$ cat structure-v3.cif   # mmCIF, C-alpha atoms, pLDDT in the B column; chains and numbers go by the auth columns
data_start
#
loop_
_atom_site.group_PDB
_atom_site.id
_atom_site.type_symbol
_atom_site.label_atom_id
_atom_site.label_comp_id
_atom_site.label_asym_id
_atom_site.label_seq_id
_atom_site.Cartn_x
_atom_site.Cartn_y
_atom_site.Cartn_z
_atom_site.B_iso_or_equiv
_atom_site.auth_seq_id
_atom_site.auth_asym_id
ATOM 1 C CA MET A 1 13.978 15.452 -17.874 50.00 980 A
ATOM 2 C CA LYS A 2 13.954 18.510 -15.631 68.00 981 A
ATOM 3 C CA ARG A 3 10.143 18.488 -15.598 69.00 982 A
ATOM 4 C CA ASP A 4 10.075 14.827 -14.528 88.00 983 A
ATOM 5 C CA LYS A 5 12.316 15.619 -11.557 93.00 984 A
ATOM 6 C CA LYS A 6 10.041 18.480 -10.527 93.00 985 A
ATOM 7 C CA ILE A 7 6.961 16.268 -10.775 94.00 986 A
ATOM 8 C CA THR A 8 8.689 13.547 -8.730 95.00 987 A
ATOM 9 C CA LYS A 9 9.774 16.033 -6.086 96.00 988 A
ATOM 10 C CA LEU A 10 6.248 17.499 -5.890 95.00 989 A
ATOM 11 C CA ALA A 11 4.664 14.026 -5.671 96.00 990 A
ATOM 12 C CA LYS A 12 6.991 13.030 -2.820 97.00 991 A
ATOM 13 C CA LYS A 13 6.171 16.268 -0.974 97.00 992 A
ATOM 14 C CA LEU A 14 2.443 15.601 -1.449 97.00 993 A
ATOM 15 C CA VAL A 15 2.884 12.141 0.089 97.00 994 A
ATOM 16 C CA GLU A 16 4.617 13.703 3.101 97.00 995 A
ATOM 17 C CA LEU A 17 1.676 16.100 3.454 96.00 996 A
ATOM 18 C CA SER A 18 -0.665 13.079 3.348 97.00 997 A
ATOM 19 C CA LYS A 19 0.738 11.761 6.650 96.00 998 A
ATOM 20 C CA ASP A 20 -0.638 12.501 10.097 95.00 999 A
ATOM 21 C CA ASP A 21 1.387 13.336 13.223 94.00 1000 A
ATOM 22 C CA ARG A 22 2.410 9.685 13.649 92.00 1001 A
ATOM 23 C CA GLY A 23 3.689 9.455 10.065 93.00 1002 A
ATOM 24 C CA VAL A 24 0.764 7.366 8.822 94.00 1003 A
ATOM 25 C CA VAL A 25 -1.032 8.111 5.546 96.00 1004 A
ATOM 26 C CA THR A 26 -4.693 8.789 6.328 95.00 1005 A
ATOM 27 C CA GLU A 27 -7.733 9.177 4.120 96.00 1006 A
ATOM 28 C CA ALA A 28 -8.489 12.585 5.640 97.00 1007 A
ATOM 29 C CA LYS A 29 -5.000 13.924 4.876 97.00 1008 A
ATOM 30 C CA VAL A 30 -5.120 12.571 1.312 97.00 1009 A
ATOM 31 C CA GLY A 31 -8.478 14.330 0.882 97.00 1010 A
ATOM 32 C CA GLU A 32 -6.931 17.586 2.074 96.00 1011 A
ATOM 33 C CA VAL A 33 -4.038 17.205 -0.360 96.00 1012 A
ATOM 34 C CA LEU A 34 -6.396 16.483 -3.266 95.00 1013 A
ATOM 35 C CA ALA A 35 -8.554 19.480 -2.335 95.00 1014 A
ATOM 36 C CA GLY A 36 -5.430 21.626 -2.359 94.00 1015 A
ATOM 37 C CA ILE A 37 -4.410 20.262 -5.761 93.00 1016 A
ATOM 38 C CA LYS A 38 -7.833 21.239 -7.152 93.00 1017 A
ATOM 39 C CA GLN A 39 -7.235 24.838 -6.073 94.00 1018 A
ATOM 40 C CA VAL A 40 -3.838 25.086 -7.761 93.00 1019 A
ATOM 41 C CA GLU A 41 -3.292 25.087 -11.504 90.00 1020 A
ATOM 42 C CA LEU A 42 -0.600 22.525 -12.322 89.00 1021 A
ATOM 43 C CA ARG A 43 1.288 22.456 -15.628 88.00 1022 A
ATOM 44 C CA ASN A 44 0.944 18.712 -15.992 91.00 1023 A
ATOM 45 C CA PRO A 45 -1.805 17.587 -13.599 92.00 1024 A
ATOM 46 C CA VAL A 46 -2.194 14.045 -14.982 94.00 1025 A
ATOM 47 C CA ALA A 47 1.504 13.210 -14.647 94.00 1026 A
ATOM 48 C CA THR A 48 1.606 14.801 -11.188 95.00 1027 A
ATOM 49 C CA LEU A 49 -1.408 12.817 -9.965 95.00 1028 A
ATOM 50 C CA LYS A 50 -0.060 9.559 -11.431 96.00 1029 A
ATOM 51 C CA SER A 51 3.268 10.110 -9.707 96.00 1030 A
ATOM 52 C CA TYR A 52 1.506 11.033 -6.450 97.00 1031 A
ATOM 53 C CA LEU A 53 -0.594 7.852 -6.637 97.00 1032 A
ATOM 54 C CA ASN A 54 2.492 5.727 -7.306 97.00 1033 A
ATOM 55 C CA TYR A 55 4.396 7.129 -4.296 97.00 1034 A
ATOM 56 C CA LEU A 56 1.245 6.959 -2.144 97.00 1035 A
ATOM 57 C CA ARG A 57 0.854 3.245 -2.931 97.00 1036 A
ATOM 58 C CA ARG A 58 4.493 2.650 -1.996 97.00 1037 A
ATOM 59 C CA GLU A 59 4.089 4.481 1.293 96.00 1038 A
ATOM 60 C CA ILE A 60 0.924 2.570 2.190 97.00 1039 A
ATOM 61 C CA ALA A 61 2.697 -0.723 1.380 96.00 1040 A
ATOM 62 C CA LEU A 62 5.473 0.270 3.807 96.00 1041 A
ATOM 63 C CA GLN A 63 2.850 0.815 6.532 96.00 1042 A
ATOM 64 C CA THR A 64 0.990 -2.453 5.997 97.00 1043 A
ATOM 65 C CA ALA A 65 1.899 -6.005 6.949 96.00 1044 A
ATOM 66 C CA VAL A 66 0.056 -8.387 4.629 97.00 1045 A
ATOM 67 C CA VAL A 67 -0.179 -11.636 6.587 96.00 1046 A
ATOM 68 C CA ALA A 68 -0.870 -14.668 4.381 96.00 1047 A
ATOM 69 C CA THR A 69 -2.037 -17.787 6.177 95.00 1048 A
ATOM 70 C CA PRO A 70 -3.857 -20.960 5.151 93.00 1049 A
ATOM 71 C CA ALA A 71 -6.576 -20.239 7.767 91.00 1050 A
ATOM 72 C CA ALA A 72 -7.937 -17.153 9.498 90.00 1051 A
ATOM 73 C CA LEU A 73 -5.972 -15.554 12.350 91.00 1052 A
ATOM 74 C CA SER A 74 -7.409 -14.313 15.628 93.00 1053 A
ATOM 75 C CA ALA A 75 -7.579 -10.608 16.440 93.00 1054 A
ATOM 76 C CA ASP A 76 -4.974 -11.156 19.179 96.00 1055 A
ATOM 77 C CA ALA A 77 -2.554 -12.741 16.710 94.00 1056 A
ATOM 78 C CA LEU A 78 -2.976 -9.823 14.290 94.00 1057 A
ATOM 79 C CA LYS A 79 -2.394 -7.330 17.097 96.00 1058 A
ATOM 80 C CA ALA A 80 0.776 -9.190 18.127 96.00 1059 A
ATOM 81 C CA ILE A 81 2.022 -9.053 14.528 95.00 1060 A
ATOM 82 C CA GLU A 82 1.320 -5.299 14.387 96.00 1061 A
ATOM 83 C CA VAL A 83 3.249 -4.738 17.634 96.00 1062 A
ATOM 84 C CA LYS A 84 6.178 -6.930 16.512 96.00 1063 A
ATOM 85 C CA TYR A 85 6.601 -5.307 13.115 96.00 1064 A
ATOM 86 C CA SER A 86 5.993 -1.773 14.415 96.00 1065 A
ATOM 87 C CA ALA A 87 8.878 -2.317 16.845 96.00 1066 A
ATOM 88 C CA LEU A 88 11.033 -3.917 14.136 95.00 1067 A
ATOM 89 C CA TYR A 89 10.554 -1.064 11.650 95.00 1068 A
ATOM 90 C CA GLY A 90 10.267 1.771 14.158 94.00 1069 A
ATOM 91 C CA ARG A 91 7.015 3.050 12.643 94.00 1070 A
ATOM 92 C CA PRO A 92 3.324 2.163 12.932 95.00 1071 A
ATOM 93 C CA ILE A 93 2.444 -0.977 10.960 96.00 1072 A
ATOM 94 C CA SER A 94 -1.114 -2.222 10.473 96.00 1073 A
ATOM 95 C CA ALA A 95 -1.739 -5.884 9.693 96.00 1074 A
ATOM 96 C CA VAL A 96 -4.237 -7.266 7.183 95.00 1075 A
ATOM 97 C CA THR A 97 -4.889 -10.941 6.543 95.00 1076 A
ATOM 98 C CA GLN A 98 -4.955 -12.816 3.283 95.00 1077 A
ATOM 99 C CA GLU A 99 -5.919 -16.471 3.122 93.00 1078 A
ATOM 100 C CA ASP A 100 -3.622 -18.625 0.988 92.00 1079 A
ATOM 101 C CA ALA A 101 -4.203 -22.376 1.180 91.00 1080 A
ATOM 102 C CA SER A 102 -1.054 -23.064 -0.857 91.00 1081 A
ATOM 103 C CA LEU A 103 1.093 -22.218 2.201 91.00 1082 A
ATOM 104 C CA ILE A 104 0.010 -25.529 3.803 90.00 1083 A
ATOM 105 C CA ALA A 105 0.828 -24.222 7.317 92.00 1084 A
ATOM 106 C CA GLY A 106 2.626 -21.258 8.866 91.00 1085 A
ATOM 107 C CA VAL A 107 2.592 -17.623 7.773 94.00 1086 A
ATOM 108 C CA ARG A 108 4.124 -15.326 5.175 96.00 1087 A
ATOM 109 C CA VAL A 109 4.327 -11.619 6.055 96.00 1088 A
ATOM 110 C CA ARG A 110 5.008 -8.893 3.489 97.00 1089 A
ATOM 111 C CA VAL A 111 5.873 -5.333 4.531 97.00 1090 A
ATOM 112 C CA GLY A 112 6.656 -3.249 1.468 95.00 1091 A
ATOM 113 C CA ASP A 113 9.276 -5.256 -0.449 95.00 1092 A
ATOM 114 C CA ASP A 114 10.340 -7.313 2.586 96.00 1093 A
ATOM 115 C CA VAL A 115 8.966 -10.852 2.837 96.00 1094 A
ATOM 116 C CA TYR A 116 9.217 -12.984 5.974 96.00 1095 A
ATOM 117 C CA ASP A 117 8.298 -16.568 5.111 95.00 1096 A
ATOM 118 C CA ALA A 118 7.668 -19.066 7.906 91.00 1097 A
ATOM 119 C CA SER A 119 5.379 -21.328 5.891 92.00 1098 A
ATOM 120 C CA VAL A 120 5.726 -25.012 5.067 90.00 1099 A
ATOM 121 C CA ALA A 121 5.463 -24.195 1.343 91.00 1100 A
ATOM 122 C CA GLY A 122 8.341 -21.718 1.672 89.00 1101 A
ATOM 123 C CA ARG A 123 10.497 -24.252 3.496 89.00 1102 A
ATOM 124 C CA LEU A 124 9.791 -26.901 0.869 89.00 1103 A
ATOM 125 C CA GLN A 125 10.678 -24.446 -1.893 90.00 1104 A
ATOM 126 C CA ARG A 126 13.987 -23.520 -0.223 90.00 1105 A
ATOM 127 C CA LEU A 127 14.747 -27.207 0.281 89.00 1106 A
ATOM 128 C CA ALA A 128 14.080 -27.920 -3.402 91.00 1107 A
ATOM 129 C CA GLU A 129 16.353 -25.024 -4.437 91.00 1108 A
ATOM 130 C CA ASN A 130 19.161 -26.363 -2.243 91.00 1109 A
ATOM 131 C CA VAL A 131 18.851 -29.876 -3.677 88.00 1110 A
ATOM 132 C CA HIS A 132 19.160 -28.714 -7.299 74.00 1111 A
#
$ encode --input "structure-v3.cif" --output "structure tokens"
Amino acid sequence: MKRDKKITKLAKKLVELSKDDRGVVTEAKVGEVLAGIKQVELRNPVATLKSYLNYLRREIALQTAVVATPAALSADALKAIEVKYSALYGRPISAVTQEDASLIAGVRVRVGDDVYDASVAGRLQRLAENVH
């Protein structure tokens, strides 16, 4: 159990080292961290790298707004979403689009575990839940 805590603590520290000055995980910083890991002999490198990857995925999810819409969004709309959610969370958020025809109309935005649903499909689902 003690080893697992050490691996977790190391993985979290590696994620912090993977961030730039603005607190955003960058490919260059991750490359530097991985190069540093190659130079050091770890007791359990596979478990450490798996834990690092897991925490890295979480951190990237917290920095990304996945915007699901039934049709493509303009670049201006994506930029507005980035500005809105960056202000809301107090950290840089980048937006990526995902087409989902099942939404009918509107948008669904996911930032990490938070979901903001302003779609017709979401409204219909909430209405159905309230009826039953």
$ closest_residue --input "structure-v3.cif" --among "A:Leu1041, A:Val1086, A:Asp1092, A:Ser1053" --to "Tyr1068 (chain A)" --atoms "all atoms listed in the file"
A:Leu1041
$ residues_around --input "structure-v3.cif" --residues "Ile1039 (chain A)" --least-positions-apart "3" --cutoff "9 Å" --atoms "all atoms listed in the file" --output "list in words"
Val1003, Val1004, Tyr1034, Leu1035, Arg1036, Gln1042, Thr1043 and Gly1091 of chain A
$ resolve_selection --input "structure-v3.cif" --expression "the PyMOL selection byres ((chain A and resi 1030) around 12)" --output "list in words"
Asp983, Lys984, Lys985, Ile986, Thr987, Lys988, Leu989, Ala990, Lys991, Lys992, Leu993, Val994, Asn1023, Pro1024, Val1025, Ala1026, Thr1027, Leu1028, Lys1029, Tyr1031, Leu1032, Asn1033, Tyr1034, Leu1035, Arg1036 and Arg1037 of chain A
$ resolve_selection --input "structure-v3.cif" --expression "the PyMOL selection byres ((chain A and resi 1006-1015) around 9)" --output "ChimeraX atom specification"
/A:993-994,996-999,1004-1005,1016-1019
$ write_last_selection --input "structure-v3.cif" --atoms "C-alpha atoms" --output "short mmCIF file (atom, residue, chain, number, x, y, z; two decimals), in the coordinates of the input"
data_model
loop_
_atom_site.label_atom_id
_atom_site.label_comp_id
_atom_site.auth_asym_id
_atom_site.auth_seq_id
_atom_site.Cartn_x
_atom_site.Cartn_y
_atom_site.Cartn_z
CA LEU A 993 2.44 15.60 -1.45
CA VAL A 994 2.88 12.14 0.09
CA LEU A 996 1.68 16.10 3.45
CA SER A 997 -0.66 13.08 3.35
CA LYS A 998 0.74 11.76 6.65
CA ASP A 999 -0.64 12.50 10.10
CA VAL A 1004 -1.03 8.11 5.55
CA THR A 1005 -4.69 8.79 6.33
CA ILE A 1016 -4.41 20.26 -5.76
CA LYS A 1017 -7.83 21.24 -7.15
CA GLN A 1018 -7.24 24.84 -6.07
CA VAL A 1019 -3.84 25.09 -7.76
#
$ axis_aligned_box --input "structure-v3.cif" --around "region 1079-1097 of chain A" --padding-each-side "3 Å" --output "JSON"
{"center_x": 3.1, "center_y": -14.4, "center_z": 4.0, "size_x": 20.5, "size_y": 28.3, "size_z": 15.7}
$ atom_distance --input "structure-v3.cif" --atom1 "CA of Ala1074 (chain A)" --atom2 "CA of Val1046 (chain A)"
6.7 Å
$ resolve_selection --input "structure-v3.cif" --expression "the PyMOL selection byres ((chain A and resi 1075) around 10)" --output "ChimeraX atom specification"
/A:1043-1047,1052,1057,1060-1061,1072-1074,1076-1077,1088
$ atom_distance --input "structure-v3.cif" --atom1 "CA of Glu1078 (chain A)" --atom2 "CA of Ala1100 (chain A)"
13.9 Å
$ atom_distance --input "structure-v3.cif" --atom1 "CA of Arg1087 (chain A)" --atom2 "CA of Ala1040 (chain A)"
15.2 Å
$ closest_residue --input "structure-v3.cif" --among "A:Leu1106, A:Val1090, A:Ile1083, A:Val1099" --to "Pro1071 (chain A)" --atoms "all atoms listed in the file"
A:Val1090
$ closest_residue --input "structure-v3.cif" --among "A:Leu1067, A:Ser1098, A:Glu1038, A:Glu1108" --to "Ser1081 (chain A)" --atoms "all atoms listed in the file"
A:Ser1098
$ decode --input "structure-v3.cif" --residues "region 1006-1017 of chain A" --atoms "N, CA and C atoms" --output "mmCIF file, in the first residue's frame"
data_model
loop_
_atom_site.group_PDB
_atom_site.id
_atom_site.type_symbol
_atom_site.label_atom_id
_atom_site.label_comp_id
_atom_site.auth_asym_id
_atom_site.auth_seq_id
_atom_site.Cartn_x
_atom_site.Cartn_y
_atom_site.Cartn_z
ATOM 1 N N GLU A 1006 2.571 19.122 -25.169
ATOM 2 C CA GLU A 1006 3.299 17.968 -25.705
ATOM 3 C C GLU A 1006 4.797 18.091 -25.419
ATOM 4 N N ALA A 1007 5.330 19.291 -25.534
ATOM 5 C CA ALA A 1007 6.753 19.513 -25.289
ATOM 6 C C ALA A 1007 7.124 19.182 -23.844
ATOM 7 N N LYS A 1008 6.303 19.641 -22.901
ATOM 8 C CA LYS A 1008 6.579 19.373 -21.481
ATOM 9 C C LYS A 1008 6.455 17.883 -21.165
ATOM 10 N N VAL A 1009 5.470 17.221 -21.755
ATOM 11 C CA VAL A 1009 5.319 15.774 -21.541
ATOM 12 C C VAL A 1009 6.547 15.055 -22.080
ATOM 13 N N GLY A 1010 7.044 15.490 -23.238
ATOM 14 C CA GLY A 1010 8.261 14.906 -23.809
ATOM 15 C C GLY A 1010 9.455 15.067 -22.885
ATOM 16 N N GLU A 1011 9.571 16.241 -22.274
ATOM 17 C CA GLU A 1011 10.654 16.483 -21.318
ATOM 18 C C GLU A 1011 10.536 15.555 -20.117
ATOM 19 N N VAL A 1012 9.329 15.396 -19.609
ATOM 20 C CA VAL A 1012 9.107 14.519 -18.455
ATOM 21 C C VAL A 1012 9.467 13.079 -18.816
ATOM 22 N N LEU A 1013 9.027 12.616 -19.979
ATOM 23 C CA LEU A 1013 9.329 11.247 -20.396
ATOM 24 C C LEU A 1013 10.822 11.046 -20.625
ATOM 25 N N ALA A 1014 11.500 12.053 -21.149
ATOM 26 C CA ALA A 1014 12.955 11.970 -21.313
ATOM 27 C C ALA A 1014 13.641 11.867 -19.950
ATOM 28 N N GLY A 1015 13.131 12.618 -18.992
ATOM 29 C CA GLY A 1015 13.679 12.542 -17.637
ATOM 30 C C GLY A 1015 13.441 11.192 -16.993
ATOM 31 N N ILE A 1016 12.271 10.607 -17.250
ATOM 32 C CA ILE A 1016 11.958 9.282 -16.698
ATOM 33 C C ILE A 1016 12.911 8.229 -17.265
ATOM 34 N N LYS A 1017 13.260 8.366 -18.550
ATOM 35 C CA LYS A 1017 14.191 7.418 -19.177
ATOM 36 C C LYS A 1017 15.560 7.437 -18.509
#
